[in-house]
Amino acid sequence: MGVFGNAAGSANRLLHRGLWALMLLLSVAIYGSHAPLLTLCKVDGAIPFSSTSVVVLVELTKLLLSVLSLLPGPREPLPAALSWRHAAPFALSALLYAANNNLVVHMQLFMDPSTFQVLSNLKIVSTALLYSLLLRRRLGLRRWLALLLLLAAGVTYSCGGLRGHGDTPGTRLHVTPVGLLLLSVYCLISGLSAVYTEAILKSQALPLGLQNIFLYFFGVLLNLMGSVWTGMEGGFLEGFSPWVLLVVLSQALNGLIMSVVMKHSSNITRLFIISCSILVNALLSVALFNLQLTLLFFVAVACIGLAVHLYYGVT
């Protein structure tokens, strides 16, 4: 019995690791395909749909999937004294995420998209700092070096990892002082929202599906209130196409995967997933839009590989 028990335990651990790796690879693929999918959604070079509508539908889809995950019956027992105190902390998470989504839109008024793409990589540093300070996780010199390499990879790729035919090499940054201020706030809120959500998910002895219901209920509520407050031109689903629906479904699925990552791993793992998605983004851009890889792309790949080795491979 002992031999069979050990064999079954080894098989279960192997299966668990395989499913975990598959989930992370799927998340990398979704992150990397997001920008190409948005490009495929464009009509005459412009986005034909309301970004507010997409955000609301993504949150609603995540909420529905979370409810469905609990229908067969929760795998973990619910606490007898389940109350609003379990749900209330997720309101702040949803508020921070909603604020950051809106901030991204307003930042475009004070810098060009290329500048935002380059400078937004600074959220890697802000997330790592808040993760270390708020969750009291000591990273160590080697792991900080790995995270700085992730930052270098993101900046390098954003500065010219891909080039279209006839494009001039190099990236000129244009940002106003107000843009820099907004960027600082964006990086702070981005890191704070992720680290705070991780802390809440891990501090509560609740099924993840139930925690997701709390989080996405507030997400739907706040984003609906925001859409009513700002008003929308045209219909709610105006400009939608099969590509847009694919964006909604993929982003909803990725949101649920990130909840699993933050519950059972950490935001550092999330940062590595986002950085590794550069590979998928580049390959899809080459295949779909006939763009060319530059030397900076291979420099970014080398930085990511070295970062993974330093953070996870060196003992």
# chains A, B, ... in the order shown; residues from 1 in each chain; ligands from 1
$ select_by_dssp --residues "segment 86-303 of chain A" --states "alpha helix (DSSP H)" --output "PyMOL selection string"
chain A and resi 86-87+89-107+113-119+123-134+141-158+177-203+208-230+242-264+267-289+295-303
$ residues_around --residues "Ala199 of chain A" --least-positions-apart "6" --cutoff "12 Å" --atoms "only C-alpha atoms" --output "count of residues only"
20
$ atom_distance --atom1 "atom CA of Leu63 of chain A" --atom2 "atom CA of Cys41 of chain A"
24.3 Å
$ residues_around --residues "Ser227 of chain A" --least-positions-apart "4" --cutoff "10 Å" --atoms "only C-alpha atoms" --output "mmCIF file with N, CA, C and O atoms, in the first residue's frame"
data_model
loop_
_atom_site.group_PDB
_atom_site.id
_atom_site.type_symbol
_atom_site.label_atom_id
_atom_site.label_comp_id
_atom_site.auth_asym_id
_atom_site.auth_seq_id
_atom_site.Cartn_x
_atom_site.Cartn_y
_atom_site.Cartn_z
ATOM 1 N N SER A 50 -16.532 50.989 -27.918
ATOM 2 C CA SER A 50 -16.255 51.718 -26.688
ATOM 3 C C SER A 50 -15.411 50.851 -25.756
ATOM 4 O O SER A 50 -15.781 49.712 -25.449
ATOM 5 N N SER A 51 -14.280 51.393 -25.310
ATOM 6 C CA SER A 51 -13.430 50.646 -24.372
ATOM 7 C C SER A 51 -14.156 50.401 -23.048
ATOM 8 O O SER A 51 -13.944 49.388 -22.387
ATOM 9 N N THR A 52 -15.035 51.331 -22.679
ATOM 10 C CA THR A 52 -15.831 51.165 -21.460
ATOM 11 C C THR A 52 -16.731 49.941 -21.557
ATOM 12 O O THR A 52 -16.854 49.165 -20.599
ATOM 13 N N SER A 53 -17.350 49.745 -22.716
ATOM 14 C CA SER A 53 -18.211 48.580 -22.919
ATOM 15 C C SER A 53 -17.422 47.290 -22.782
ATOM 16 O O SER A 53 -17.885 46.319 -22.166
ATOM 17 N N VAL A 55 -14.625 46.788 -21.060
ATOM 18 C CA VAL A 55 -14.236 46.575 -19.664
ATOM 19 C C VAL A 55 -15.416 46.028 -18.861
ATOM 20 O O VAL A 55 -15.265 45.087 -18.063
ATOM 21 N N VAL A 56 -16.608 46.593 -19.060
ATOM 22 C CA VAL A 56 -17.797 46.123 -18.343
ATOM 23 C C VAL A 56 -18.090 44.666 -18.692
ATOM 24 O O VAL A 56 -18.367 43.835 -17.806
ATOM 25 N N LEU A 222 -18.776 49.233 -10.280
ATOM 26 C CA LEU A 222 -18.025 50.483 -10.440
ATOM 27 C C LEU A 222 -17.890 50.876 -11.902
ATOM 28 O O LEU A 222 -18.006 52.063 -12.252
ATOM 29 N N ASN A 223 -17.632 49.907 -12.761
ATOM 30 C CA ASN A 223 -17.476 50.237 -14.182
ATOM 31 C C ASN A 223 -18.793 50.629 -14.835
ATOM 32 O O ASN A 223 -18.826 51.488 -15.723
ATOM 33 N N GLY A 231 -21.074 58.760 -19.760
ATOM 34 C CA GLY A 231 -21.897 58.688 -20.951
ATOM 35 C C GLY A 231 -21.161 58.012 -22.083
ATOM 36 O O GLY A 231 -19.930 58.049 -22.171
ATOM 37 N N MET A 232 -21.896 57.365 -22.973
ATOM 38 C CA MET A 232 -21.296 56.684 -24.114
ATOM 39 C C MET A 232 -21.970 57.124 -25.391
ATOM 40 O O MET A 232 -23.190 57.244 -25.468
ATOM 41 N N PHE A 236 -24.297 50.375 -26.704
ATOM 42 C CA PHE A 236 -23.350 49.707 -25.817
ATOM 43 C C PHE A 236 -22.472 48.714 -26.588
ATOM 44 O O PHE A 236 -21.278 48.572 -26.304
#
$ closest_atom_pairs --of "segment 233-309 of chain A" --to "segment 16-31 of chain A" --cutoff "10 Å" --atoms "only C-alpha atoms" --output "tab-separated table"
residue	atom	partner	partner_atom	distance
A:Val247	CA	A:Ile30	CA	9.1
A:Ser250	CA	A:Ile30	CA	6.3
A:Gln251	CA	A:Ile30	CA	7.3
A:Leu253	CA	A:Ser27	CA	8.5
A:Asn254	CA	A:Ser27	CA	5.8
A:Gly255	CA	A:Ser27	CA	9.0
A:Leu256	CA	A:Ser27	CA	9.8
A:Ile257	CA	A:Ser27	CA	6.9
A:Met258	CA	A:Ser27	CA	8.0
A:Val260	CA	A:Met23	CA	9.4
A:Val261	CA	A:Leu24	CA	8.5
A:Thr269	CA	A:Leu24	CA	9.1
A:Arg270	CA	A:Leu24	CA	9.0
A:Phe272	CA	A:Val28	CA	9.1
A:Ile273	CA	A:Val28	CA	5.5
A:Ile274	CA	A:Tyr31	CA	6.5
A:Ser275	CA	A:Val28	CA	8.4
A:Cys276	CA	A:Val28	CA	6.4
A:Ser277	CA	A:Val28	CA	4.8
A:Ile278	CA	A:Tyr31	CA	8.5
A:Leu279	CA	A:Val28	CA	8.8
A:Val280	CA	A:Ala29	CA	6.1
A:Asn281	CA	A:Tyr31	CA	8.0
$ residues_around --residues "Val301 of chain A" --least-positions-apart "2" --cutoff "10 Å" --atoms "only C-alpha atoms" --output "PyMOL selection string"
chain A and resi 150+153-154+156-157+161+275-276+278-279+296-299+303-307
$ write_last_selection --atoms "all heavy atoms" --output "compact mmCIF listing (two decimals), in the first residue's frame"
# COMPACT_ATOMS: atom_id res chain seq x y z
N LEU A 150 14.07 42.31 -16.17
CA LEU A 150 12.73 42.34 -16.77
C LEU A 150 12.37 43.75 -17.23
O LEU A 150 11.80 43.94 -18.31
CB LEU A 150 11.68 41.85 -15.77
CG LEU A 150 11.61 40.37 -15.45
CD1 LEU A 150 10.37 40.08 -14.60
CD2 LEU A 150 11.57 39.53 -16.71
N ALA A 153 14.26 44.48 -20.34
CA ALA A 153 13.68 43.76 -21.47
C ALA A 153 12.46 44.49 -22.02
O ALA A 153 12.30 44.66 -23.23
CB ALA A 153 13.30 42.34 -21.05
N GLY A 154 11.60 44.94 -21.10
CA GLY A 154 10.39 45.66 -21.54
C GLY A 154 10.71 46.96 -22.24
O GLY A 154 10.14 47.28 -23.29
N THR A 156 13.58 47.79 -23.70
CA THR A 156 14.29 47.51 -24.94
C THR A 156 13.33 47.11 -26.05
O THR A 156 13.41 47.61 -27.18
CB THR A 156 15.32 46.38 -24.72
OG1 THR A 156 16.24 46.78 -23.70
CG2 THR A 156 16.08 46.08 -26.00
N TYR A 157 12.40 46.21 -25.74
CA TYR A 157 11.44 45.77 -26.74
C TYR A 157 10.54 46.92 -27.18
O TYR A 157 10.25 47.08 -28.37
CB TYR A 157 10.61 44.62 -26.18
CG TYR A 157 9.60 44.06 -27.16
CD1 TYR A 157 10.01 43.30 -28.24
CD2 TYR A 157 8.24 44.30 -26.99
CE1 TYR A 157 9.08 42.78 -29.14
CE2 TYR A 157 7.31 43.79 -27.87
CZ TYR A 157 7.73 43.02 -28.95
OH TYR A 157 6.81 42.52 -29.84
N GLY A 161 11.75 46.74 -30.72
CA GLY A 161 11.91 45.32 -30.94
C GLY A 161 11.29 44.84 -32.23
O GLY A 161 11.69 43.83 -32.79
N SER A 275 6.19 39.71 -18.92
CA SER A 275 7.42 39.91 -19.67
C SER A 275 7.62 38.83 -20.73
O SER A 275 8.03 39.13 -21.86
CB SER A 275 8.62 39.93 -18.71
OG SER A 275 8.56 41.05 -17.84
N CYS A 276 7.33 37.58 -20.38
CA CYS A 276 7.48 36.49 -21.35
C CYS A 276 6.51 36.62 -22.52
O CYS A 276 6.77 36.07 -23.61
CB CYS A 276 7.30 35.14 -20.66
SG CYS A 276 8.65 34.69 -19.55
N ILE A 278 6.13 38.97 -24.37
CA ILE A 278 6.81 39.68 -25.46
C ILE A 278 7.07 38.73 -26.62
O ILE A 278 6.93 39.10 -27.80
CB ILE A 278 8.14 40.29 -24.95
CG1 ILE A 278 7.87 41.50 -24.07
CG2 ILE A 278 9.06 40.67 -26.11
CD1 ILE A 278 9.12 42.06 -23.42
N LEU A 279 7.43 37.48 -26.31
CA LEU A 279 7.73 36.50 -27.35
C LEU A 279 6.50 36.24 -28.22
O LEU A 279 6.59 36.22 -29.45
CB LEU A 279 8.21 35.20 -26.70
CG LEU A 279 9.40 35.29 -25.75
CD1 LEU A 279 9.67 33.94 -25.11
CD2 LEU A 279 10.63 35.79 -26.48
N LEU A 296 17.06 44.57 -31.08
CA LEU A 296 16.55 44.87 -29.74
C LEU A 296 15.62 43.78 -29.22
O LEU A 296 15.54 43.54 -28.02
CB LEU A 296 15.83 46.22 -29.74
CG LEU A 296 16.70 47.46 -29.96
CD1 LEU A 296 15.86 48.72 -29.96
CD2 LEU A 296 17.78 47.54 -28.88
N PHE A 297 14.91 43.12 -30.13
CA PHE A 297 14.05 42.01 -29.71
C PHE A 297 14.89 40.89 -29.09
O PHE A 297 14.54 40.35 -28.03
CB PHE A 297 13.25 41.47 -30.90
CG PHE A 297 12.61 40.13 -30.63
CD1 PHE A 297 11.48 40.04 -29.85
CD2 PHE A 297 13.16 38.96 -31.16
CE1 PHE A 297 10.89 38.80 -29.58
CE2 PHE A 297 12.58 37.73 -30.90
CZ PHE A 297 11.44 37.65 -30.12
N PHE A 298 15.98 40.54 -29.72
CA PHE A 298 16.82 39.46 -29.23
C PHE A 298 17.54 39.86 -27.93
O PHE A 298 17.79 39.01 -27.06
CB PHE A 298 17.82 39.04 -30.30
CG PHE A 298 17.15 38.47 -31.53
CD1 PHE A 298 16.97 39.26 -32.67
CD2 PHE A 298 16.67 37.18 -31.53
CE1 PHE A 298 16.35 38.75 -33.79
CE2 PHE A 298 16.04 36.66 -32.66
CZ PHE A 298 15.87 37.44 -33.79
N VAL A 299 17.84 41.16 -27.80
CA VAL A 299 18.40 41.64 -26.53
C VAL A 299 17.37 41.48 -25.42
O VAL A 299 17.70 41.03 -24.30
CB VAL A 299 18.83 43.12 -26.66
CG1 VAL A 299 19.23 43.68 -25.29
CG2 VAL A 299 19.99 43.27 -27.64
N CYS A 303 17.57 39.17 -22.01
CA CYS A 303 17.35 39.72 -20.67
C CYS A 303 16.31 38.91 -19.90
O CYS A 303 16.47 38.63 -18.70
CB CYS A 303 16.90 41.18 -20.76
SG CYS A 303 18.19 42.34 -21.26
N ILE A 304 15.24 38.50 -20.59
CA ILE A 304 14.19 37.71 -19.94
C ILE A 304 14.74 36.35 -19.53
O ILE A 304 14.50 35.86 -18.41
CB ILE A 304 12.98 37.54 -20.87
CG1 ILE A 304 12.30 38.90 -21.09
CG2 ILE A 304 11.98 36.54 -20.29
CD1 ILE A 304 11.22 38.87 -22.16
N GLY A 305 15.47 35.70 -20.43
CA GLY A 305 16.04 34.40 -20.10
C GLY A 305 16.98 34.46 -18.90
O GLY A 305 16.92 33.60 -18.01
N LEU A 306 17.82 35.49 -18.86
CA LEU A 306 18.75 35.65 -17.74
C LEU A 306 17.98 35.96 -16.45
O LEU A 306 18.34 35.47 -15.37
CB LEU A 306 19.75 36.76 -18.05
CG LEU A 306 20.84 37.02 -16.99
CD1 LEU A 306 21.61 35.74 -16.70
CD2 LEU A 306 21.78 38.13 -17.47
N ALA A 307 16.91 36.75 -16.57
CA ALA A 307 16.09 37.09 -15.40
C ALA A 307 15.44 35.83 -14.81
O ALA A 307 15.43 35.63 -13.59
CB ALA A 307 15.03 38.11 -15.77
$ closest_residue --among "A:Ala88, A:Leu71, A:Leu96, A:Val58" --to "Gln211 of chain A" --atoms "only C-alpha atoms"
A:Ala88
$ closest_residue --among "A:Val248, A:Leu37, A:Leu148, A:Leu201" --to "Leu215 of chain A" --atoms "only C-alpha atoms"
A:Leu201
$ residues_around --residues "Leu288 of chain A" --least-positions-apart "6" --cutoff "12 Å" --atoms "only C-alpha atoms" --output "PyMOL selection string"
chain A and resi 33+35-37+39-40+164+280-282
$ closest_residue --among "A:Tyr186, A:Phe240, A:Trp229, A:Trp144" --to "Val308 of chain A" --atoms "only C-alpha atoms"
A:Trp144
$ residues_around --residues "segment 105-115 of chain A" --least-positions-apart "5" --cutoff "9 Å" --atoms "only C-alpha atoms" --output "JSON, numbers by chain"
{"A": [100, 120, 158, 159, 171, 172, 173, 174, 175, 176, 177, 178, 179, 180, 182, 183, 186]}
$ write_last_selection --atoms "C-alpha atoms" --output "compact mmCIF listing (two decimals), in the first residue's frame"
# COMPACT_ATOMS: atom_id res chain seq x y z
CA ASN A 100 -6.06 52.61 -13.23
CA SER A 120 4.80 51.96 -18.34
CA SER A 158 9.22 48.87 -26.55
CA CYS A 159 11.99 51.03 -28.00
CA THR A 171 12.04 55.79 -30.66
CA ARG A 172 11.65 59.43 -29.70
CA LEU A 173 9.88 59.95 -26.41
CA HIS A 174 7.41 62.79 -25.99
CA VAL A 175 5.87 63.40 -22.58
CA THR A 176 4.79 66.49 -20.67
CA PRO A 177 5.44 67.12 -16.95
CA VAL A 178 1.78 66.35 -16.26
CA GLY A 179 2.24 63.12 -18.18
CA LEU A 180 5.16 62.14 -15.97
CA LEU A 182 0.20 60.75 -14.17
CA LEU A 183 2.62 57.99 -15.10
CA TYR A 186 -0.36 54.96 -12.69
